[in-house]
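Text of the file protein-v8.cif, holding mmCIF, C-alpha atoms, pLDDT in the B column; chains and numbers go by the auth columns:
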```
data_my_file
#
loop_
_atom_site.group_PDB
_atom_site.id
_atom_site.type_symbol
_atom_site.label_atom_id
_atom_site.label_comp_id
_atom_site.label_asym_id
_atom_site.label_seq_id
_atom_site.Cartn_x
_atom_site.Cartn_y
_atom_site.Cartn_z
_atom_site.B_iso_or_equiv
_atom_site.auth_seq_id
_atom_site.auth_asym_id
ATOM 1 C CA PRO A 1 -35.435 38.984 60.254 47.00 23 K
ATOM 2 C CA ALA A 2 -38.073 39.676 57.656 48.00 24 K
ATOM 3 C CA ILE A 3 -41.637 40.346 58.732 52.00 25 K
ATOM 4 C CA LEU A 4 -44.277 38.561 56.681 53.00 26 K
ATOM 5 C CA ARG A 5 -47.252 40.803 56.044 60.00 27 K
ATOM 6 C CA PRO A 6 -50.471 39.288 54.681 66.00 28 K
ATOM 7 C CA LEU A 7 -51.416 40.390 51.193 66.00 29 K
ATOM 8 C CA THR A 8 -54.512 42.495 50.792 73.00 30 K
ATOM 9 C CA PRO A 9 -56.964 41.605 48.003 78.00 31 K
ATOM 10 C CA LEU A 10 -55.784 44.704 46.123 76.00 32 K
ATOM 11 C CA SER A 11 -52.145 43.598 46.387 76.00 33 K
ATOM 12 C CA GLN A 12 -53.039 40.111 45.202 78.00 34 K
ATOM 13 C CA PHE A 13 -54.890 41.522 42.199 82.00 35 K
ATOM 14 C CA ILE A 14 -52.024 43.842 41.265 79.00 36 K
ATOM 15 C CA ARG A 15 -49.456 41.057 41.575 80.00 37 K
ATOM 16 C CA ARG A 16 -51.504 38.760 39.342 83.00 38 K
ATOM 17 C CA ALA A 17 -52.193 41.511 36.812 85.00 39 K
ATOM 18 C CA ASN A 18 -48.499 42.457 36.726 80.00 40 K
ATOM 19 C CA ARG A 19 -47.602 38.811 36.153 82.00 41 K
ATOM 20 C CA LEU A 20 -50.032 38.564 33.238 85.00 42 K
ATOM 21 C CA LEU A 21 -48.736 41.821 31.763 83.00 43 K
ATOM 22 C CA SER A 22 -45.176 40.582 32.102 80.00 44 K
ATOM 23 C CA ILE A 23 -46.017 37.306 30.364 83.00 45 K
ATOM 24 C CA SER A 24 -47.731 39.166 27.513 86.00 46 K
ATOM 25 C CA HIS A 25 -44.692 41.494 27.132 83.00 47 K
ATOM 26 C CA HIS A 26 -46.536 44.660 28.229 80.00 48 K
ATOM 27 C CA THR A 27 -44.021 45.558 30.927 74.00 49 K
ATOM 28 C CA ALA A 28 -44.420 49.321 30.412 77.00 50 K
ATOM 29 C CA VAL A 29 -47.856 49.159 32.051 80.00 51 K
ATOM 30 C CA THR A 30 -46.766 47.292 35.189 77.00 52 K
ATOM 31 C CA GLY A 31 -45.224 50.365 36.838 75.00 53 K
ATOM 32 C CA LYS A 32 -48.371 52.396 36.267 78.00 54 K
ATOM 33 C CA LEU A 33 -50.518 49.614 37.694 79.00 55 K
ATOM 34 C CA THR A 34 -48.288 49.288 40.757 75.00 56 K
ATOM 35 C CA GLN A 35 -48.343 53.061 41.301 75.00 57 K
ATOM 36 C CA LEU A 36 -52.139 53.011 41.043 77.00 58 K
ATOM 37 C CA GLY A 37 -52.215 50.247 43.676 75.00 59 K
ATOM 38 C CA PHE A 38 -50.052 52.360 45.990 71.00 60 K
ATOM 39 C CA GLN A 39 -52.471 55.246 45.617 73.00 61 K
ATOM 40 C CA PHE A 40 -55.504 53.089 46.454 74.00 62 K
ATOM 41 C CA SER A 41 -53.920 51.216 49.356 71.00 63 K
ATOM 42 C CA ASN A 42 -54.174 52.424 52.932 67.00 64 K
ATOM 43 C CA THR A 43 -50.554 51.675 53.803 63.00 65 K
ATOM 44 C CA LYS A 44 -47.868 54.313 53.529 61.00 66 K
ATOM 45 C CA HIS A 45 -45.044 53.535 51.100 56.00 67 K
ATOM 46 C CA GLU A 46 -41.878 55.567 51.485 60.00 68 K
ATOM 47 C CA ILE A 47 -38.390 55.376 50.087 60.00 69 K
ATOM 48 C CA ARG A 48 -35.701 55.737 52.711 62.00 70 K
ATOM 49 C CA PRO A 49 -34.088 59.176 53.017 63.00 71 K
ATOM 50 C CA ASN A 50 -30.480 59.602 51.830 65.00 72 K
ATOM 51 C CA LEU A 51 -30.991 57.002 49.114 65.00 73 K
ATOM 52 C CA TYR A 52 -28.937 58.446 46.268 68.00 74 K
ATOM 53 C CA LEU A 53 -29.780 56.220 43.316 68.00 75 K
ATOM 54 C CA ASN A 54 -27.955 58.366 40.775 71.00 76 K
ATOM 55 C CA GLN A 55 -24.541 57.434 42.187 74.00 77 K
ATOM 56 C CA VAL A 56 -23.204 54.361 40.427 76.00 78 K
ATOM 57 C CA PRO A 57 -21.695 52.219 41.810 79.00 79 K
ATOM 58 C CA HIS A 58 -24.074 52.500 44.741 81.00 80 K
ATOM 59 C CA ASN A 59 -22.677 52.856 48.234 82.00 81 K
ATOM 60 C CA ARG A 60 -23.068 50.078 50.802 84.00 82 K
ATOM 61 C CA TYR A 61 -26.141 51.647 52.390 82.00 83 K
ATOM 62 C CA VAL A 62 -28.063 51.656 49.106 83.00 84 K
ATOM 63 C CA ARG A 63 -26.954 48.156 48.142 87.00 85 K
ATOM 64 C CA ARG A 64 -27.938 46.855 51.599 88.00 86 K
ATOM 65 C CA TYR A 65 -31.394 48.403 51.097 85.00 87 K
ATOM 66 C CA PHE A 66 -31.861 46.408 47.886 87.00 88 K
ATOM 67 C CA TYR A 67 -30.445 43.228 49.450 90.00 89 K
ATOM 68 C CA ASP A 68 -32.870 43.490 52.372 89.00 90 K
ATOM 69 C CA MET A 69 -35.835 44.035 50.042 87.00 91 K
ATOM 70 C CA ALA A 70 -34.858 41.033 47.922 90.00 92 K
ATOM 71 C CA SER A 71 -34.272 38.838 50.985 91.00 93 K
ATOM 72 C CA GLU A 72 -37.630 39.785 52.487 89.00 94 K
ATOM 73 C CA SER A 73 -39.385 39.081 49.191 88.00 95 K
ATOM 74 C CA VAL A 74 -37.750 35.677 48.743 91.00 96 K
ATOM 75 C CA LEU A 75 -38.521 34.699 52.330 90.00 97 K
ATOM 76 C CA SER A 76 -42.183 35.668 51.969 89.00 98 K
ATOM 77 C CA ALA A 77 -42.368 33.772 48.656 89.00 99 K
ATOM 78 C CA VAL A 78 -40.914 30.665 50.302 90.00 100 K
ATOM 79 C CA LYS A 79 -43.443 30.931 53.130 88.00 101 K
ATOM 80 C CA TYR A 80 -46.306 31.365 50.662 87.00 102 K
ATOM 81 C CA CYS A 81 -45.016 28.321 48.766 87.00 103 K
ATOM 82 C CA SER A 82 -44.952 26.234 51.939 86.00 104 K
ATOM 83 C CA ASP A 83 -48.564 27.278 52.601 84.00 105 K
ATOM 84 C CA GLY A 84 -49.506 26.153 49.094 84.00 106 K
ATOM 85 C CA ARG A 85 -50.487 29.638 47.928 82.00 107 K
ATOM 86 C CA ILE A 86 -47.972 29.772 45.051 81.00 108 K
ATOM 87 C CA SER A 87 -45.979 27.229 43.054 81.00 109 K
ATOM 88 C CA ASN A 88 -42.439 26.280 43.944 81.00 110 K
ATOM 89 C CA ARG A 89 -40.915 27.750 40.760 83.00 111 K
ATOM 90 C CA MET A 90 -39.647 31.223 41.488 83.00 112 K
ATOM 91 C CA ALA A 91 -37.282 33.765 39.947 84.00 113 K
ATOM 92 C CA VAL A 92 -35.798 36.923 41.399 85.00 114 K
ATOM 93 C CA THR A 93 -35.517 39.915 39.073 83.00 115 K
ATOM 94 C CA CYS A 94 -33.528 42.848 40.399 84.00 116 K
ATOM 95 C CA LEU A 95 -33.230 45.736 37.961 80.00 117 K
ATOM 96 C CA ILE A 96 -30.650 48.092 39.385 82.00 118 K
ATOM 97 C CA PRO A 97 -27.825 49.375 37.135 79.00 119 K
ATOM 98 C CA GLU A 98 -25.165 47.362 38.946 83.00 120 K
ATOM 99 C CA LEU A 99 -26.966 44.098 38.130 84.00 121 K
ATOM 100 C CA ASN A 100 -27.632 44.838 34.460 80.00 122 K
ATOM 101 C CA PRO A 101 -24.859 43.308 32.304 80.00 123 K
ATOM 102 C CA SER A 102 -25.698 45.560 29.362 80.00 124 K
ATOM 103 C CA MET A 103 -24.764 48.694 31.319 77.00 125 K
ATOM 104 C CA ASP A 104 -21.247 49.906 31.939 78.00 126 K
ATOM 105 C CA ALA A 105 -21.769 49.940 35.729 79.00 127 K
ATOM 106 C CA TYR A 106 -22.243 46.145 35.978 83.00 128 K
ATOM 107 C CA ARG A 107 -20.646 44.749 39.139 83.00 129 K
ATOM 108 C CA ILE A 108 -20.465 40.998 39.673 84.00 130 K
ATOM 109 C CA GLY A 109 -19.691 41.593 43.362 87.00 131 K
ATOM 110 C CA THR A 110 -23.171 43.083 43.806 88.00 132 K
ATOM 111 C CA LEU A 111 -24.738 39.906 42.462 88.00 133 K
ATOM 112 C CA LEU A 112 -22.658 37.749 44.806 90.00 134 K
ATOM 113 C CA GLU A 113 -23.509 39.956 47.797 92.00 135 K
ATOM 114 C CA LEU A 114 -27.200 39.729 46.881 92.00 136 K
ATOM 115 C CA ALA A 115 -27.030 35.928 46.646 93.00 137 K
ATOM 116 C CA ARG A 116 -25.225 35.772 50.000 93.00 138 K
ATOM 117 C CA GLY A 117 -27.812 38.046 51.633 93.00 139 K
ATOM 118 C CA VAL A 118 -30.724 35.947 50.397 93.00 140 K
ATOM 119 C CA ALA A 119 -29.020 32.681 51.381 94.00 141 K
ATOM 120 C CA VAL A 120 -28.199 33.948 54.885 94.00 142 K
ATOM 121 C CA THR A 121 -31.768 35.194 55.398 93.00 143 K
ATOM 122 C CA LEU A 122 -33.172 31.792 54.472 92.00 144 K
ATOM 123 C CA ALA A 123 -30.573 29.948 56.583 93.00 145 K
ATOM 124 C CA GLU A 124 -31.478 32.099 59.599 92.00 146 K
ATOM 125 C CA GLN A 125 -35.010 30.695 59.309 91.00 147 K
ATOM 126 C CA ASN A 126 -33.595 27.118 59.501 91.00 148 K
ATOM 127 C CA LEU A 127 -34.257 26.480 55.824 90.00 149 K
ATOM 128 C CA ARG A 128 -31.894 24.439 53.695 90.00 150 K
ATOM 129 C CA VAL A 129 -30.095 26.588 51.133 90.00 151 K
ATOM 130 C CA ARG A 130 -28.013 25.561 48.159 89.00 152 K
ATOM 131 C CA VAL A 131 -26.352 28.171 45.953 88.00 153 K
ATOM 132 C CA CYS A 132 -25.465 26.919 42.479 85.00 154 K
ATOM 133 C CA VAL A 133 -23.222 28.864 40.144 79.00 155 K
ATOM 134 C CA GLN A 134 -23.279 28.287 36.407 79.00 156 K
ATOM 135 C CA GLY A 135 -19.909 28.204 34.718 73.00 157 K
ATOM 136 C CA SER A 136 -19.095 30.548 31.861 71.00 158 K
ATOM 137 C CA MET A 137 -20.221 29.472 28.417 65.00 159 K
#
```
The structure in this file should be written as structure tokens.
Amino acid sequence: PAILRPLTPLSQFIRRANRLLSISHHTAVTGKLTQLGFQFSNTKHEIRPNLYLNQVPHNRYVRRYFYDMASESVLSAVKYCSDGRISNRMAVTCLIPELNPSMDAYRIGTLLELARGVAVTLAEQNLRVRVCVQGSM
């Protein structure tokens, strides 16, 4: 079960600024802005130990870490949408090598496991979930 943490004013500002930078195609600055927000925030942000990101394909532990982060983010976005804080149009962008079709380590199974993890997390909260798959073009 994901825990919904309230956003601080600094987090809200950084999210909105990152969104504007992404829309204006200045994505190189978003990482620096996020890192600056981490430095100014009072909360402690740590990456789990034994998270070997240079091994591709990633082992189950690493993939599960990304699935849990994505599921928690989608669940919090759905809750914010139900509160009227954000619009109901959302997109999930996960930029790990296994989910990038232009890289040689692309794994369609990772994408399916991610979709299953997000769907199960939402279904556990008694939300209706429909997974649609687009056919090949």
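Close to (-23.3, 42.5, 44.2), meaning no more than 12 Å away when counting only C-alpha atoms, sit the residues Pro79, His80, Asn81, Arg82, Val84, Arg85, Arg86, Phe88, Tyr89, Cys116, Ile118, Pro119, Glu120, Leu121, Asn122, Ala127, Tyr128, Arg129, Ile130, Gly131, Thr132, Leu133, Leu134, Glu135, Leu136, Ala137, Arg138, Gly139 and Val140 of chain K.
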Ground truth for the PyMOL selection byres ((chain K and resi 95) around 12), written as a compact mmCIF listing (two decimals) with C-alpha atoms, in the frame of the given file:
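result12.txt, freshly written:
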```txt
# COMPACT_ATOMS: atom_id res chain seq x y z
CA PRO K 23 -35.44 38.98 60.25
CA ALA K 24 -38.07 39.68 57.66
CA ILE K 25 -41.64 40.35 58.73
CA LEU K 26 -44.28 38.56 56.68
CA ARG K 27 -47.25 40.80 56.04
CA PHE K 88 -31.86 46.41 47.89
CA TYR K 89 -30.44 43.23 49.45
CA ASP K 90 -32.87 43.49 52.37
CA MET K 91 -35.84 44.04 50.04
CA ALA K 92 -34.86 41.03 47.92
CA SER K 93 -34.27 38.84 50.98
CA GLU K 94 -37.63 39.78 52.49
CA VAL K 96 -37.75 35.68 48.74
CA LEU K 97 -38.52 34.70 52.33
CA SER K 98 -42.18 35.67 51.97
CA ALA K 99 -42.37 33.77 48.66
CA VAL K 100 -40.91 30.66 50.30
CA LYS K 101 -43.44 30.93 53.13
CA TYR K 102 -46.31 31.36 50.66
CA MET K 112 -39.65 31.22 41.49
CA ALA K 113 -37.28 33.76 39.95
CA VAL K 114 -35.80 36.92 41.40
CA THR K 115 -35.52 39.92 39.07
CA CYS K 116 -33.53 42.85 40.40
CA GLY K 139 -27.81 38.05 51.63
CA VAL K 140 -30.72 35.95 50.40
CA THR K 143 -31.77 35.19 55.40
CA LEU K 144 -33.17 31.79 54.47
```
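Picture a line from CA of Thr52 in chain K to CA of Asn40 in chain K; it runs 5.4 Å.
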Enclose all atoms of range 52-60 of chain K listed in the file in an axis-aligned box, grow every side by 4 Å, and hand back centre and edge lengths in Å to one decimal, as JSON.
```
{"center_x": -48.7, "center_y": 50.2, "center_z": 40.6, "size_x": 15.0, "size_y": 13.8, "size_z": 18.8}
```
Point-to-point distance from CA of Ser63 in chain K to CA of Pro31 in chain K, Å rounded to tenths: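 It comes out at 10.2 Å.
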Using all atoms listed in the file, which of K:Ile36, K:Leu42, K:Val142, K:Val151 sits nearest Lys54 in chain K? K:Ile36
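CA of Gln61 in chain K sits 16.3 Å away from CA of Ala39 in chain K.
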Contacts of Leu55 in chain K within 12 Å, only C-alpha atoms, excl. fewer than 5 positions in-chain, as an mmCIF file with C-alpha atoms, in the coordinates of the input:
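The result, written out as part15.cif:
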```cif
data_model
loop_
_atom_site.group_PDB
_atom_site.id
_atom_site.type_symbol
_atom_site.label_atom_id
_atom_site.label_comp_id
_atom_site.auth_asym_id
_atom_site.auth_seq_id
_atom_site.Cartn_x
_atom_site.Cartn_y
_atom_site.Cartn_z
ATOM 1 C CA LEU K 32 -55.784 44.704 46.123
ATOM 2 C CA SER K 33 -52.145 43.598 46.387
ATOM 3 C CA PHE K 35 -54.890 41.522 42.199
ATOM 4 C CA ILE K 36 -52.024 43.842 41.265
ATOM 5 C CA ARG K 37 -49.456 41.057 41.575
ATOM 6 C CA ARG K 38 -51.504 38.760 39.342
ATOM 7 C CA ALA K 39 -52.193 41.511 36.812
ATOM 8 C CA ASN K 40 -48.499 42.457 36.726
ATOM 9 C CA ARG K 41 -47.602 38.811 36.153
ATOM 10 C CA LEU K 42 -50.032 38.564 33.238
ATOM 11 C CA LEU K 43 -48.736 41.821 31.763
ATOM 12 C CA SER K 44 -45.176 40.582 32.102
ATOM 13 C CA HIS K 48 -46.536 44.660 28.229
ATOM 14 C CA THR K 49 -44.021 45.558 30.927
ATOM 15 C CA ALA K 50 -44.420 49.321 30.412
ATOM 16 C CA PHE K 60 -50.052 52.360 45.990
ATOM 17 C CA GLN K 61 -52.471 55.246 45.617
ATOM 18 C CA PHE K 62 -55.504 53.089 46.454
#
```
From K:Ala145, K:Val78, K:Ile45, K:Arg107, residue lying nearest Met125 in chain K [all atoms listed in the file]: K:Val78
